$ cat query.txt   # compact mmCIF, C-alpha atoms and all ligand atoms
# COMPACT_ATOMS: atom_id res chain seq x y z
CA MET W 94 -1.46 -16.79 -26.07
CA THR W 95 0.98 -14.36 -24.51
CA LYS W 96 -0.46 -11.82 -22.15
CA SER W 97 -0.70 -8.24 -23.31
CA TYR W 98 0.27 -5.59 -20.81
CA ASP W 99 -0.95 -1.99 -20.67
CA VAL W 100 2.15 -0.79 -18.87
CA GLU W 101 5.67 -2.22 -18.84
CA LEU W 102 8.68 -0.87 -17.02
CA HIS W 103 11.96 -2.50 -17.94
CA GLN W 104 14.95 -1.72 -15.72
CA ILE W 105 13.96 1.88 -15.20
CA ARG W 106 16.55 4.00 -13.41
CA LYS W 107 16.48 7.67 -12.46
CA ARG W 108 19.15 9.80 -10.82
CA PHE W 109 19.03 13.34 -9.48
CA GLY W 110 22.63 14.51 -9.40
CA SER W 111 24.62 11.64 -7.94
CA THR W 112 21.64 10.14 -6.07
CA THR W 113 19.80 7.21 -7.63
CA VAL W 114 16.16 7.69 -6.64
CA VAL W 115 14.65 4.91 -8.77
CA ASP W 116 16.73 1.82 -9.30
CA ASN W 117 16.13 -1.08 -11.68
CA PHE W 118 12.31 -0.84 -11.55
CA ASN W 119 10.61 -3.70 -13.40
CA LEU W 120 6.84 -4.07 -13.60
CA GLN W 121 4.13 -5.32 -15.92
CA VAL W 122 0.56 -4.15 -15.45
CA GLU W 123 -2.33 -6.02 -17.05
CA ARG W 124 -5.30 -4.35 -18.71
CA GLY W 125 -7.83 -3.17 -16.12
CA GLU W 126 -5.53 -3.78 -13.19
CA CYS W 127 -5.14 -1.35 -10.30
CA VAL W 128 -1.54 -1.39 -9.12
CA THR W 129 -0.38 0.71 -6.17
CA PHE W 130 3.09 2.09 -5.47
CA LEU W 131 3.43 1.99 -1.68
CA GLY W 132 6.33 3.26 0.36
CA PRO W 133 7.50 5.94 2.77
CA SER W 134 7.90 9.55 1.73
CA GLY W 135 10.89 10.02 -0.58
CA CYS W 136 11.06 6.40 -1.79
CA GLY W 137 10.54 7.35 -5.45
CA LYS W 138 6.79 6.91 -6.01
CA THR W 139 6.12 10.31 -7.60
CA THR W 140 9.34 10.19 -9.63
CA THR W 141 8.27 6.86 -11.15
CA LEU W 142 4.75 8.12 -11.83
CA ASN W 143 6.17 11.25 -13.47
CA MET W 144 8.28 9.09 -15.77
CA LEU W 145 5.14 7.18 -16.77
CA ALA W 146 3.33 10.48 -17.33
CA GLY W 147 6.14 11.93 -19.44
CA PHE W 148 7.06 14.78 -17.06
CA LEU W 149 10.46 13.16 -16.43
CA GLU W 150 12.65 11.00 -18.66
CA PRO W 151 14.28 7.86 -17.25
CA ASP W 152 18.09 7.80 -17.38
CA GLU W 153 18.01 4.12 -18.25
CA GLY W 154 15.43 1.52 -19.15
CA THR W 155 12.39 1.20 -21.36
CA LEU W 156 8.86 2.36 -20.68
CA ILE W 157 6.02 0.83 -22.70
CA ILE W 158 2.35 1.84 -22.65
CA LYS W 159 -0.11 -0.30 -24.64
CA GLY W 160 2.76 -1.92 -26.46
CA LYS W 161 4.34 1.36 -27.61
CA PRO W 162 7.73 2.54 -26.35
CA MET W 163 7.21 5.87 -24.58
CA ASN W 164 10.76 7.10 -24.02
CA GLY W 165 10.90 10.61 -25.49
CA VAL W 166 7.13 10.83 -26.12
CA PRO W 167 5.73 14.07 -24.60
CA ALA W 168 3.10 13.91 -21.85
CA ASN W 169 0.25 15.17 -24.04
CA LYS W 170 0.82 12.32 -26.53
CA ARG W 171 0.55 9.55 -23.94
CA ASP W 172 -3.25 9.28 -23.59
CA LEU W 173 -3.27 9.52 -19.79
CA GLY W 174 -5.55 10.80 -17.06
CA MET W 175 -3.82 12.20 -13.98
CA VAL W 176 -4.99 13.18 -10.51
CA PHE W 177 -2.65 14.77 -7.98
CA GLN W 178 -2.63 15.22 -4.22
CA THR W 179 -3.23 18.94 -4.37
CA TYR W 180 -6.22 20.00 -6.31
CA SER W 181 -5.04 20.76 -9.78
CA LEU W 182 -8.23 22.36 -11.05
CA PHE W 183 -8.00 25.68 -12.92
CA PRO W 184 -9.33 28.27 -10.44
CA HIS W 185 -10.71 30.64 -13.10
CA MET W 186 -12.77 27.93 -14.84
CA THR W 187 -16.10 26.45 -13.79
CA VAL W 188 -16.47 22.76 -13.03
CA ALA W 189 -17.87 22.14 -16.53
CA GLU W 190 -15.02 24.10 -18.16
CA ASN W 191 -12.43 22.27 -16.07
CA VAL W 192 -13.83 18.90 -17.05
CA ALA W 193 -14.20 19.93 -20.70
CA TYR W 194 -10.60 21.18 -20.95
CA GLY W 195 -8.98 17.97 -22.24
CA LEU W 196 -11.73 17.46 -24.81
CA LYS W 197 -11.33 21.03 -26.11
CA LEU W 198 -7.61 20.44 -26.59
CA ARG W 199 -8.53 17.37 -28.61
CA LYS W 200 -10.88 19.49 -30.76
CA VAL W 201 -13.98 17.48 -29.86
CA SER W 202 -17.22 19.11 -31.09
CA LYS W 203 -19.17 21.35 -28.73
CA SER W 204 -22.22 19.11 -28.55
CA GLU W 205 -20.15 16.02 -27.87
CA ILE W 206 -18.21 17.87 -25.15
CA GLU W 207 -21.52 18.73 -23.46
CA THR W 208 -22.73 15.13 -23.56
CA ARG W 209 -19.47 13.71 -22.26
CA VAL W 210 -19.07 16.26 -19.47
CA ARG W 211 -22.63 15.59 -18.30
CA LYS W 212 -22.02 11.84 -18.39
CA VAL W 213 -18.78 11.92 -16.43
CA LEU W 214 -20.22 14.31 -13.81
CA ASP W 215 -23.02 11.78 -13.35
CA VAL W 216 -20.41 9.09 -12.87
CA VAL W 217 -18.74 11.03 -10.02
CA LYS W 218 -22.22 11.94 -8.69
CA LEU W 219 -21.85 15.72 -8.98
CA PRO W 220 -24.08 16.66 -11.92
CA HIS W 221 -25.49 19.68 -10.05
CA LEU W 222 -22.17 21.50 -9.69
CA THR W 223 -21.40 22.33 -13.35
CA ASP W 224 -21.39 26.13 -12.90
CA ARG W 225 -19.46 26.35 -9.63
CA TYR W 226 -15.85 27.51 -9.38
CA PRO W 227 -13.25 25.32 -7.59
CA LYS W 228 -13.11 27.64 -4.56
CA GLN W 229 -16.86 27.05 -4.06
CA LEU W 230 -16.30 23.29 -3.64
CA SER W 231 -15.28 21.16 -0.65
CA GLY W 232 -11.99 19.25 -0.78
CA GLY W 233 -13.78 15.98 -1.53
CA GLN W 234 -15.83 17.56 -4.32
CA ARG W 235 -12.70 19.04 -5.87
CA GLN W 236 -11.01 15.65 -5.94
CA ARG W 237 -14.12 14.12 -7.52
CA ILE W 238 -14.04 16.79 -10.20
CA ALA W 239 -10.31 16.18 -10.73
CA ILE W 240 -11.13 12.51 -11.23
CA ALA W 241 -13.95 13.39 -13.66
CA ARG W 242 -11.54 15.58 -15.61
CA ALA W 243 -9.01 12.74 -15.79
CA LEU W 244 -11.63 10.23 -16.96
CA VAL W 245 -13.51 12.35 -19.52
CA THR W 246 -10.99 11.70 -22.30
CA GLU W 247 -11.33 7.94 -21.69
CA PRO W 248 -7.58 7.56 -21.19
CA SER W 249 -5.86 4.23 -21.59
CA LEU W 250 -4.11 4.75 -18.27
CA LEU W 251 -5.16 6.53 -15.08
CA LEU W 252 -2.41 7.80 -12.76
CA LEU W 253 -3.32 8.95 -9.24
CA ASP W 254 -0.68 10.48 -6.97
CA GLU W 255 -1.85 10.44 -3.33
CA PRO W 256 -5.28 11.75 -4.37
CA LEU W 257 -6.76 11.29 -0.89
CA SER W 258 -3.93 12.54 1.32
CA ASN W 259 -5.37 16.01 1.85
CA LEU W 260 -8.80 14.82 2.96
CA ASP W 261 -9.95 13.99 6.45
CA ALA W 262 -10.24 10.35 7.53
CA LYS W 263 -13.96 9.83 6.96
CA LEU W 264 -13.96 11.42 3.51
CA ARG W 265 -10.82 9.52 2.58
CA GLU W 266 -12.62 6.24 3.24
CA GLU W 267 -15.70 7.30 1.30
CA LEU W 268 -13.75 8.49 -1.69
CA ARG W 269 -11.43 5.50 -1.85
CA GLU W 270 -14.49 3.28 -1.99
CA GLU W 271 -15.87 5.38 -4.83
CA ILE W 272 -12.61 5.41 -6.76
CA LYS W 273 -12.34 1.65 -6.43
CA ARG W 274 -15.88 1.12 -7.67
CA LEU W 275 -15.36 3.54 -10.58
CA GLN W 276 -12.06 1.92 -11.49
CA GLN W 277 -13.70 -1.49 -11.59
CA GLU W 278 -16.79 -0.34 -13.49
CA ILE W 279 -14.85 1.55 -16.15
CA GLY W 280 -12.09 -1.03 -16.16
CA VAL W 281 -9.41 1.60 -16.71
CA THR W 282 -5.87 0.43 -16.02
CA THR W 283 -4.77 2.40 -12.98
CA ILE W 284 -1.60 3.21 -11.10
CA PHE W 285 -2.28 4.57 -7.64
CA VAL W 286 0.36 6.09 -5.38
CA THR W 287 0.09 6.21 -1.60
CA HIS W 288 2.21 6.06 1.56
CA ASP W 289 -0.80 4.63 3.43
CA GLN W 290 -0.64 0.85 3.66
CA GLU W 291 -4.31 0.39 4.45
CA GLU W 292 -5.32 2.49 1.45
CA ALA W 293 -2.96 0.42 -0.70
CA MET W 294 -4.46 -2.85 0.53
CA TYR W 295 -7.97 -1.54 -0.02
CA MET W 296 -7.46 -0.22 -3.55
CA SER W 297 -5.13 -2.65 -5.23
CA ASP W 298 -5.10 -5.78 -7.28
CA ARG W 299 -1.36 -5.72 -6.69
CA ILE W 300 0.98 -3.60 -4.60
CA VAL W 301 4.56 -2.59 -5.38
CA VAL W 302 6.37 -1.89 -2.10
CA LEU W 303 9.24 0.56 -2.57
CA ASP W 304 12.04 1.64 -0.26
CA HIS W 305 14.82 4.03 -1.25
CA GLY W 306 14.00 3.67 -4.94
CA LYS W 307 14.16 -0.11 -4.87
CA VAL W 308 11.29 -2.53 -5.39
CA GLU W 309 11.08 -4.64 -2.25
CA GLN W 310 8.11 -6.77 -3.31
CA ILE W 311 5.33 -6.96 -5.88
CA GLY W 312 2.24 -8.94 -4.91
CA THR W 313 -1.43 -9.05 -4.03
CA PRO W 314 -2.39 -7.37 -0.75
CA GLU W 315 -2.63 -10.84 0.81
CA ASP W 316 0.85 -11.87 -0.43
CA ILE W 317 2.37 -8.68 0.86
CA TYR W 318 0.79 -9.06 4.28
CA GLN W 319 1.11 -12.82 4.77
CA GLN W 320 4.34 -13.52 2.90
CA PRO W 321 6.46 -10.39 3.17
CA ALA W 322 9.59 -10.81 1.06
CA THR W 323 11.83 -8.65 3.22
CA ALA W 324 12.17 -7.32 6.76
CA PHE W 325 11.30 -3.86 5.42
CA VAL W 326 7.96 -5.07 4.00
CA HIS W 327 7.15 -6.88 7.24
CA GLU W 328 7.72 -3.70 9.22
CA PHE W 329 6.08 -1.30 6.79
CA VAL W 330 2.87 -3.21 6.05
CA GLY W 331 0.71 -4.07 9.03
CA LYS W 332 1.83 -4.15 12.63
CA SER W 333 4.64 -6.49 13.71
CA ASN W 334 6.56 -7.51 16.79
CA GLY W 335 10.20 -7.57 15.72
CA PHE W 336 12.98 -9.34 17.59
CA GLN W 337 16.70 -9.31 16.96
CA ALA W 338 17.98 -12.85 17.36
CA VAL W 339 20.73 -15.35 16.62
CA ILE W 340 20.25 -18.81 15.13
CA THR W 341 21.18 -21.47 17.67
CA GLY W 342 20.22 -24.60 15.76
CA GLY W 343 17.33 -26.25 14.02
CA ASP W 344 15.75 -29.37 12.57
CA GLU W 345 14.09 -30.08 9.23
CA HIS W 346 11.02 -27.98 10.12
CA HIS W 347 12.23 -25.25 12.46
CA TRP W 348 15.03 -22.92 13.35
CA ARG W 349 15.89 -22.41 17.01
CA LEU W 350 16.60 -18.85 17.95
CA LYS W 351 17.74 -16.82 20.87
CA THR W 352 16.78 -13.17 21.04
CA THR W 353 19.24 -10.49 22.12
CA GLU W 354 17.20 -10.27 25.33
CA GLY W 355 17.62 -13.97 26.00
CA MET W 356 14.26 -15.46 25.01
CA THR W 357 14.49 -18.72 23.03
CA PHE W 358 11.94 -19.77 20.49
CA SER W 359 11.43 -21.55 17.22
CA ALA W 360 10.41 -20.28 13.81
CA LYS W 361 9.37 -22.06 10.65
CA ARG W 362 12.05 -22.84 8.08
CA ASN W 363 11.63 -21.29 4.69
CA ASP W 364 13.81 -21.51 1.58
CA ARG W 365 16.62 -19.51 3.11
CA LEU W 366 19.39 -21.40 4.86
CA TYR W 367 21.07 -20.17 8.01
CA ASN W 368 23.99 -21.32 10.08
CA SER W 369 24.25 -21.34 13.84
CA GLY W 370 25.42 -17.90 14.93
CA ASP W 371 23.73 -16.03 12.03
CA GLU W 372 22.10 -12.79 13.09
CA VAL W 373 18.46 -12.53 12.05
CA SER W 374 15.33 -10.45 12.59
CA VAL W 375 12.17 -12.34 13.53
CA TYR W 376 8.65 -10.95 13.22
CA VAL W 377 5.30 -12.04 14.61
CA ARG W 378 2.06 -10.19 13.90
CA PRO W 379 0.06 -9.12 17.00
CA GLU W 380 -3.06 -11.02 15.91
CA TYR W 381 -1.19 -14.34 15.72
CA ILE W 382 -0.23 -14.27 19.37
CA SER W 383 -2.75 -15.74 21.76
CA LEU W 384 -3.19 -14.44 25.23
CA GLU W 385 -4.31 -16.51 28.21
CA LYS W 386 -4.82 -15.91 31.87
CA VAL W 387 -2.24 -17.76 33.94
CA GLY W 388 -3.64 -20.76 35.80
CA SER W 389 -7.00 -20.53 34.06
CA MET W 390 -9.00 -23.48 32.76
CA GLN W 391 -8.12 -22.51 29.21
CA GLU W 392 -4.40 -22.62 29.80
CA THR W 393 -2.98 -25.03 27.25
CA ALA W 394 -0.17 -27.49 27.80
CA GLU W 395 3.23 -26.93 26.13
CA GLU W 396 3.25 -28.24 22.58
CA ALA W 397 5.95 -28.85 20.02
CA GLY W 398 6.20 -25.98 17.53
CA VAL W 399 4.45 -23.57 19.87
CA ASN W 400 6.33 -20.76 21.52
CA SER W 401 5.11 -19.61 24.86
CA ILE W 402 6.30 -17.09 27.38
CA SER W 403 4.85 -15.45 30.41
CA GLY W 404 4.49 -11.77 30.98
CA THR W 405 2.51 -8.99 32.60
CA VAL W 406 -0.18 -6.83 31.01
CA LYS W 407 1.11 -3.26 30.82
CA LEU W 408 -1.49 -1.46 28.79
CA LEU W 409 -4.94 -2.25 27.38
CA SER W 410 -6.62 -0.35 24.57
CA PHE W 411 -10.14 -0.99 23.43
CA LEU W 412 -10.29 -0.43 19.67
CA GLY W 413 -13.81 -1.54 18.82
CA SER W 414 -13.53 -4.83 16.95
CA PHE W 415 -10.38 -5.83 18.85
CA ILE W 416 -8.35 -4.98 21.91
CA GLU W 417 -4.67 -4.23 21.84
CA VAL W 418 -2.67 -5.49 24.79
CA ILE W 419 0.90 -4.47 25.50
CA VAL W 420 2.65 -7.17 27.48
CA GLU W 421 6.01 -7.00 29.20
CA ALA W 422 7.79 -10.35 29.01
CA GLY W 423 11.28 -10.23 30.47
CA SER W 424 12.93 -7.37 28.63
CA HIS W 425 10.58 -7.72 25.64
CA ILE W 426 7.59 -5.50 25.05
CA ILE W 427 5.10 -7.45 22.95
CA THR W 428 1.93 -6.20 21.28
CA VAL W 429 -1.01 -8.58 21.05
CA ARG W 430 -4.29 -7.98 19.29
CA THR W 431 -7.19 -10.11 20.27
CA ASN W 432 -10.91 -10.14 19.61
CA TYR W 433 -12.85 -8.24 22.18
CA SER W 434 -14.77 -10.53 24.48
CA PRO W 435 -16.95 -9.34 27.33
CA ILE W 436 -16.37 -12.70 29.06
CA ILE W 437 -12.59 -12.89 29.13
CA SER W 438 -11.25 -9.54 30.14
CA PHE W 439 -7.72 -8.67 31.14
CA ALA W 440 -6.51 -6.13 33.62
CA GLU W 441 -3.38 -4.05 33.68
CA GLY W 442 -0.78 -5.69 35.94
CA GLU W 443 -2.26 -9.17 35.43
CA PRO W 444 0.10 -12.10 34.72
CA VAL W 445 -0.57 -13.73 31.33
CA LYS W 446 0.80 -16.37 29.04
CA LEU W 447 1.56 -15.56 25.41
CA SER W 448 1.88 -18.21 22.74
CA TRP W 449 2.26 -18.40 19.00
CA ASN W 450 2.96 -21.11 16.47
CA ALA W 451 6.43 -21.38 15.05
CA TYR W 452 4.97 -21.17 11.55
CA GLN W 453 3.63 -17.72 12.30
CA ALA W 454 7.07 -16.26 12.94
CA ASN W 455 8.98 -15.00 9.90
CA ILE W 456 12.76 -14.83 9.85
CA PHE W 457 14.94 -12.55 7.70
CA PRO W 458 18.66 -11.90 7.62
CA ARG W 459 19.38 -9.06 10.07
CA LYS W 460 18.61 -5.72 8.49
CA GLU W 461 21.53 -3.30 8.52
CA ALA W 462 20.70 -0.32 10.71
N1 LIG W 501 13.63 17.42 -9.07
C1 LIG W 501 14.35 16.82 -8.13
N2 LIG W 501 15.64 17.09 -7.92
C2 LIG W 501 16.37 16.47 -6.98
N3 LIG W 501 15.87 15.51 -6.17
C3 LIG W 501 14.59 15.18 -6.31
C4 LIG W 501 13.74 15.80 -7.29
N4 LIG W 501 12.50 15.26 -7.21
C5 LIG W 501 12.57 14.35 -6.21
N5 LIG W 501 13.81 14.28 -5.68
C6 LIG W 501 14.26 13.35 -4.61
O1 LIG W 501 14.03 12.05 -5.08
C7 LIG W 501 13.59 11.19 -4.03
C8 LIG W 501 12.25 10.59 -4.43
O2 LIG W 501 11.25 11.59 -4.45
P1 LIG W 501 9.72 11.29 -4.79
O3 LIG W 501 9.66 10.45 -6.00
O4 LIG W 501 9.03 12.60 -4.84
O5 LIG W 501 9.27 10.46 -3.50
P2 LIG W 501 7.81 10.03 -3.02
O6 LIG W 501 6.81 10.46 -4.04
O7 LIG W 501 7.91 8.54 -2.84
O8 LIG W 501 7.62 10.71 -1.69
C9 LIG W 501 13.53 12.06 -2.80
O9 LIG W 501 14.70 11.85 -2.07
C10 LIG W 501 13.45 13.46 -3.34
O10 LIG W 501 14.01 14.38 -2.44
MG MG W 502 5.18 11.75 -3.84
$ encode --input "query.txt" --output "C-alpha cells"
Amino acid sequence: MTKSYDVELHQIRKRFGSTTVVDNFNLQVERGECVTFLGPSGCGKTTTLNMLAGFLEPDEGTLIIKGKPMNGVPANKRDLGMVFQTYSLFPHMTVAENVAYGLKLRKVSKSEIETRVRKVLDVVKLPHLTDRYPKQLSGGQRQRIAIARALVTEPSLLLLDEPLSNLDAKLREELREEIKRLQQEIGVTTIFVTHDQEEAMYMSDRIVVLDHGKVEQIGTPEDIYQQPATAFVHEFVGKSNGFQAVITGGDEHHWRLKTTEGMTFSAKRNDRLYNSGDEVSVYVRPEYISLEKVGSMQETAEEAGVNSISGTVKLLSFLGSFIEVIVEAGSHIITVRTNYSPIISFAEGEPVKLSWNAYQANIFPRKEA
C-alpha cells in the first residue's frame, strides 16, 4: 500500500521582488505527524506556513492537503487551525465567543457550539474562564485559548507559528509539554514553526532545518543532532566546536587533517571523498570530548583513532547536570561538557588533556563565509 500524506509540498518556490525567500521546498507529512520548521529569523518559515494556510500563493510548485491540490484555494476553505506568536484573540469577545467563532462561521447549531466549546476548554484546562475577556488573561492563558480556538473546528491540519516565543522560559516549557501531549492525544497533523532548536527537538517527530529559504535537512531530532547533513545544521543545532582545516591524507577509515592553527587530528571517513589540500570544516560536540587531569591515574595511553591534545582550563561553569569547561589548547579555544562529579573537579589554570574519537568528528566541505 502506498502511504497517504496529509500535507505535500512539491518544489515550492516564493519570491518577494527579486529575492527568492523559499526555494525548491519539498516535504511530505504523514497523518498525525508533528513536523517543525526550524531556522534562524528570516529563513522563510512564516512564508512557507502562510502558503500552506492560503494567505500567500506560491510562485511555483504544488501544495497538497489531504490529497487535494490547494493552489488557489482560499484560506477559509482549507480546513485549518492556526495559532500565531502574538495573541490573535478578538479583544471585544469573551473566551467562549472567541472559541465559538469558527463554529459560528460554519453555521453550527447553538447547542452544539456550547457543547464543543465546553469540551475544548476542558482539553486546554481552562473551563472556568469562559466569560473573561482576553485582556483579563495571562499570556499563557491567551495562548491556550488560541489553541482551543484552533482545535474546536477539528481541523485536518494545525499550523503553529512560534506560539511560545512571547512567553517566559518556565511557561514556555510547561506549554510546550501541553501542546505535545494534546497533539498526540488528538492525533492532529501539525506543522510547528520555531527558531528555538531545543523546542524543535522536544516537539517534533521530524524537523525541517531551513537556511535562507533552502531546506538543509529533514530528519528526526536524533538524525539532525547526530548526523547533521551540512555544516550549517551542525552549527545551528546543538553546541559544536568548529575547526577550519585542510586534508593532509587518510586511510580507508580516517582522514588526516591539519587545522589552520596547526593542530593535526583524524576524523572518520563518510561517503564524501576529499583530496589532500581540500579545505574543510570539522566539528566535534562538547559532550564527546573527554577531559582528564594531566599525570593522573586515569590518564589513558595514546590510541589509534583517538585524538588527544593538551591544554589549560580557562573557565568553568556549573550548569546543574553538567559542567562546561573552556579549554585553551594552543591557539584553539575548545568547549567541553562533562558530567558533574564531586570527586573529580577541575580548577581554572589547571593543565588538562582532551581526547575524542575520530568517529565523533564530522567533516564538511568548507562553508563559504
Ligand atoms: N511581504 C513581504 N515582502 C517582502 N519581503 C518579505 C515579505 N514577507 C517576508 N519577507 C522576507 O522574506 C524572508 C523570509 O521571511 P519569513 O518567512 O517571515 O522568515 P521567518 O518566519 O523564518 O523569520 C525575510 O527575508 C523577510 O524579510
Ligand atoms: Mg516567522
$ residues_near_ligand --input "query.txt" --ligand "ligand LIG 501 (chain W)" --cutoff "10 Å" --atoms "all atoms listed in the file" --output "MDAnalysis selection string"
chainID W and resid 107:115 130:144 149 254:255 286:288 303:306
$ axis_aligned_box --input "query.txt" --around "segment 149-154 of chain W" --padding-each-side "8 Å" --output "AutoDock Vina command-line options"
--center_x 14.3 --center_y 7.3 --center_z -17.8 --size_x 23.6 --size_y 27.6 --size_z 18.7
$ residues_near_point --input "query.txt" --point "(10.4, 13.2, -23.7)" --cutoff "10 Å" --atoms "only C-alpha atoms" --output "list in words"
Met144, Ala146, Gly147, Phe148, Leu149, Glu150, Pro151, Met163, Asn164, Gly165, Val166, Pro167 and Ala168 of chain W
$ residues_around --input "query.txt" --residues "Ser403 of chain W" --least-positions-apart "2" --cutoff "12 Å" --atoms "all atoms listed in the file" --output "PyMOL selection string"
chain W and resi 356+383-388+392+400-401+405-406+420-427+443-448
$ closest_residue --input "query.txt" --among "W:His185, W:Val122, W:Ile206, W:Thr129" --to "Pro314 of chain W" --atoms "all atoms listed in the file"
W:Thr129
$ residues_near_point --input "query.txt" --point "(11.3, -3.0, -11.7)" --cutoff "12 Å" --atoms "only C-alpha atoms" --output "tab-separated table (two decimals) with C-alpha atoms, in the coordinates of the input"
chain	number	residue	atom	x	y	z
W	100	VAL	CA	2.15	-0.79	-18.87
W	101	GLU	CA	5.67	-2.22	-18.84
W	102	LEU	CA	8.68	-0.87	-17.02
W	103	HIS	CA	11.96	-2.50	-17.94
W	104	GLN	CA	14.95	-1.72	-15.72
W	105	ILE	CA	13.96	1.88	-15.20
W	106	ARG	CA	16.55	4.00	-13.41
W	107	LYS	CA	16.48	7.67	-12.46
W	115	VAL	CA	14.65	4.91	-8.77
W	116	ASP	CA	16.73	1.82	-9.30
W	117	ASN	CA	16.13	-1.08	-11.68
W	118	PHE	CA	12.31	-0.84	-11.55
W	119	ASN	CA	10.61	-3.70	-13.40
W	120	LEU	CA	6.84	-4.07	-13.60
W	121	GLN	CA	4.13	-5.32	-15.92
W	122	VAL	CA	0.56	-4.15	-15.45
W	130	PHE	CA	3.09	2.09	-5.47
W	141	THR	CA	8.27	6.86	-11.15
W	153	GLU	CA	18.01	4.12	-18.25
W	154	GLY	CA	15.43	1.52	-19.15
W	155	THR	CA	12.39	1.20	-21.36
W	156	LEU	CA	8.86	2.36	-20.68
W	301	VAL	CA	4.56	-2.59	-5.38
W	302	VAL	CA	6.37	-1.89	-2.10
W	303	LEU	CA	9.24	0.56	-2.57
W	306	GLY	CA	14.00	3.67	-4.94
W	307	LYS	CA	14.16	-0.11	-4.87
W	308	VAL	CA	11.29	-2.53	-5.39
W	309	GLU	CA	11.08	-4.64	-2.25
W	310	GLN	CA	8.11	-6.77	-3.31
W	311	ILE	CA	5.33	-6.96	-5.88
$ closest_residue --input "query.txt" --among "W:Val377, W:Leu253, W:Met294, W:Val217" --to "ligand MG 502 (chain W)" --atoms "all atoms listed in the file"
W:Leu253
$ atom_distance --input "query.txt" --atom1 "atom CA of Gln337 of chain W" --atom2 "atom CA of Glu292 of chain W"
29.4 Å
$ atom_distance --input "query.txt" --atom1 "atom CA of Thr282 of chain W" --atom2 "atom CA of Arg209 of chain W"
20.0 Å
$ closest_residue --input "query.txt" --among "W:Tyr452, W:Tyr194, W:Phe285, W:Phe411" --to "ligand MG 502 (chain W)" --atoms "all atoms listed in the file"
W:Phe285
$ closest_residue --input "query.txt" --among "W:Glu270, W:Glu328, W:Glu247, W:Glu278" --to "Asp172 of chain W" --atoms "all atoms listed in the file"
W:Glu247
$ residues_around --input "query.txt" --residues "segment 453-457 of chain W" --least-positions-apart "2" --cutoff "9 Å" --atoms "only C-alpha atoms" --output "list of chain:residue names"
W:Gln320, W:Pro321, W:Ala322, W:Thr323, W:Ala324, W:His327, W:Ser359, W:Ala360, W:Lys361, W:Arg362, W:Asn363, W:Arg365, W:Glu372, W:Val373, W:Ser374, W:Val375, W:Tyr376, W:Val377, W:Arg378, W:Tyr381, W:Ile382, W:Trp449, W:Asn450, W:Ala451, W:Arg459, W:Lys460
$ closest_residue --input "query.txt" --among "W:Gln178, W:Thr223, W:Ser333, W:Ser434" --to "ligand MG 502 (chain W)" --atoms "only C-alpha atoms and all ligand atoms"
W:Gln178
$ closest_residue --input "query.txt" --among "W:Val188, W:Val339, W:Met175, W:Val210" --to "Arg235 of chain W" --atoms "only C-alpha atoms"
W:Val188
$ residues_around --input "query.txt" --residues "Arg265 of chain W" --least-positions-apart "5" --cutoff "10 Å" --atoms "all atoms listed in the file" --output "JSON, numbers by chain"
{"W": [233, 256, 257, 258, 259, 260, 270, 271, 292]}
$ atom_distance --input "query.txt" --atom1 "atom CA of Ile272 of chain W" --atom2 "atom CA of Leu182 of chain W"
18.0 Å
$ residues_around --input "query.txt" --residues "Gly343 of chain W" --least-positions-apart "3" --cutoff "9 Å" --atoms "all atoms listed in the file" --output "PyMOL selection string"
chain W and resi 340+346-350+359+362+369
$ residues_around --input "query.txt" --residues "Arg211 of chain W" --least-positions-apart "3" --cutoff "12 Å" --atoms "all atoms listed in the file" --output "PDB file with C-alpha atoms, in the coordinates of the input"
ATOM      1  CA  VAL W 188     -16.470  22.760 -13.030  1.00  0.00           C
ATOM      2  CA  ALA W 189     -17.870  22.140 -16.530  1.00  0.00           C
ATOM      3  CA  GLU W 190     -15.020  24.100 -18.160  1.00  0.00           C
ATOM      4  CA  VAL W 192     -13.830  18.900 -17.050  1.00  0.00           C
ATOM      5  CA  ALA W 193     -14.200  19.930 -20.700  1.00  0.00           C
ATOM      6  CA  SER W 204     -22.220  19.110 -28.550  1.00  0.00           C
ATOM      7  CA  GLU W 205     -20.150  16.020 -27.870  1.00  0.00           C
ATOM      8  CA  ILE W 206     -18.210  17.870 -25.150  1.00  0.00           C
ATOM      9  CA  GLU W 207     -21.520  18.730 -23.460  1.00  0.00           C
ATOM     10  CA  THR W 208     -22.730  15.130 -23.560  1.00  0.00           C
ATOM     11  CA  LEU W 214     -20.220  14.310 -13.810  1.00  0.00           C
ATOM     12  CA  ASP W 215     -23.020  11.780 -13.350  1.00  0.00           C
ATOM     13  CA  VAL W 216     -20.410   9.090 -12.870  1.00  0.00           C
ATOM     14  CA  VAL W 217     -18.740  11.030 -10.020  1.00  0.00           C
ATOM     15  CA  LYS W 218     -22.220  11.940  -8.690  1.00  0.00           C
ATOM     16  CA  LEU W 219     -21.850  15.720  -8.980  1.00  0.00           C
ATOM     17  CA  PRO W 220     -24.080  16.660 -11.920  1.00  0.00           C
ATOM     18  CA  HIS W 221     -25.490  19.680 -10.050  1.00  0.00           C
ATOM     19  CA  LEU W 222     -22.170  21.500  -9.690  1.00  0.00           C
ATOM     20  CA  THR W 223     -21.400  22.330 -13.350  1.00  0.00           C
ATOM     21  CA  ASP W 224     -21.390  26.130 -12.900  1.00  0.00           C
ATOM     22  CA  ILE W 238     -14.040  16.790 -10.200  1.00  0.00           C
ATOM     23  CA  ALA W 241     -13.950  13.390 -13.660  1.00  0.00           C
ATOM     24  CA  ARG W 242     -11.540  15.580 -15.610  1.00  0.00           C
ATOM     25  CA  VAL W 245     -13.510  12.350 -19.520  1.00  0.00           C
TER      26      VAL W 245
END
$ decode --input "query.txt" --residues "segment 94-106 of chain W" --atoms "C-alpha atoms" --output "short mmCIF file (atom, residue, chain, number, x, y, z; two decimals), in the first residue's frame"
data_model
loop_
_atom_site.label_atom_id
_atom_site.label_comp_id
_atom_site.auth_asym_id
_atom_site.auth_seq_id
_atom_site.Cartn_x
_atom_site.Cartn_y
_atom_site.Cartn_z
CA MET W 94 0.00 0.00 0.00
CA THR W 95 1.28 3.47 -0.77
CA LYS W 96 1.42 5.88 2.12
CA SER W 97 -1.12 8.66 2.25
CA TYR W 98 0.16 12.06 3.25
CA ASP W 99 -1.79 14.87 4.89
CA VAL W 100 0.50 17.55 3.53
CA GLU W 101 2.68 17.54 0.42
CA LEU W 102 4.89 20.33 -0.83
CA HIS W 103 6.31 19.80 -4.29
CA GLN W 104 9.06 22.18 -5.41
CA ILE W 105 7.50 25.18 -3.74
CA ARG W 106 9.16 28.49 -4.55
#
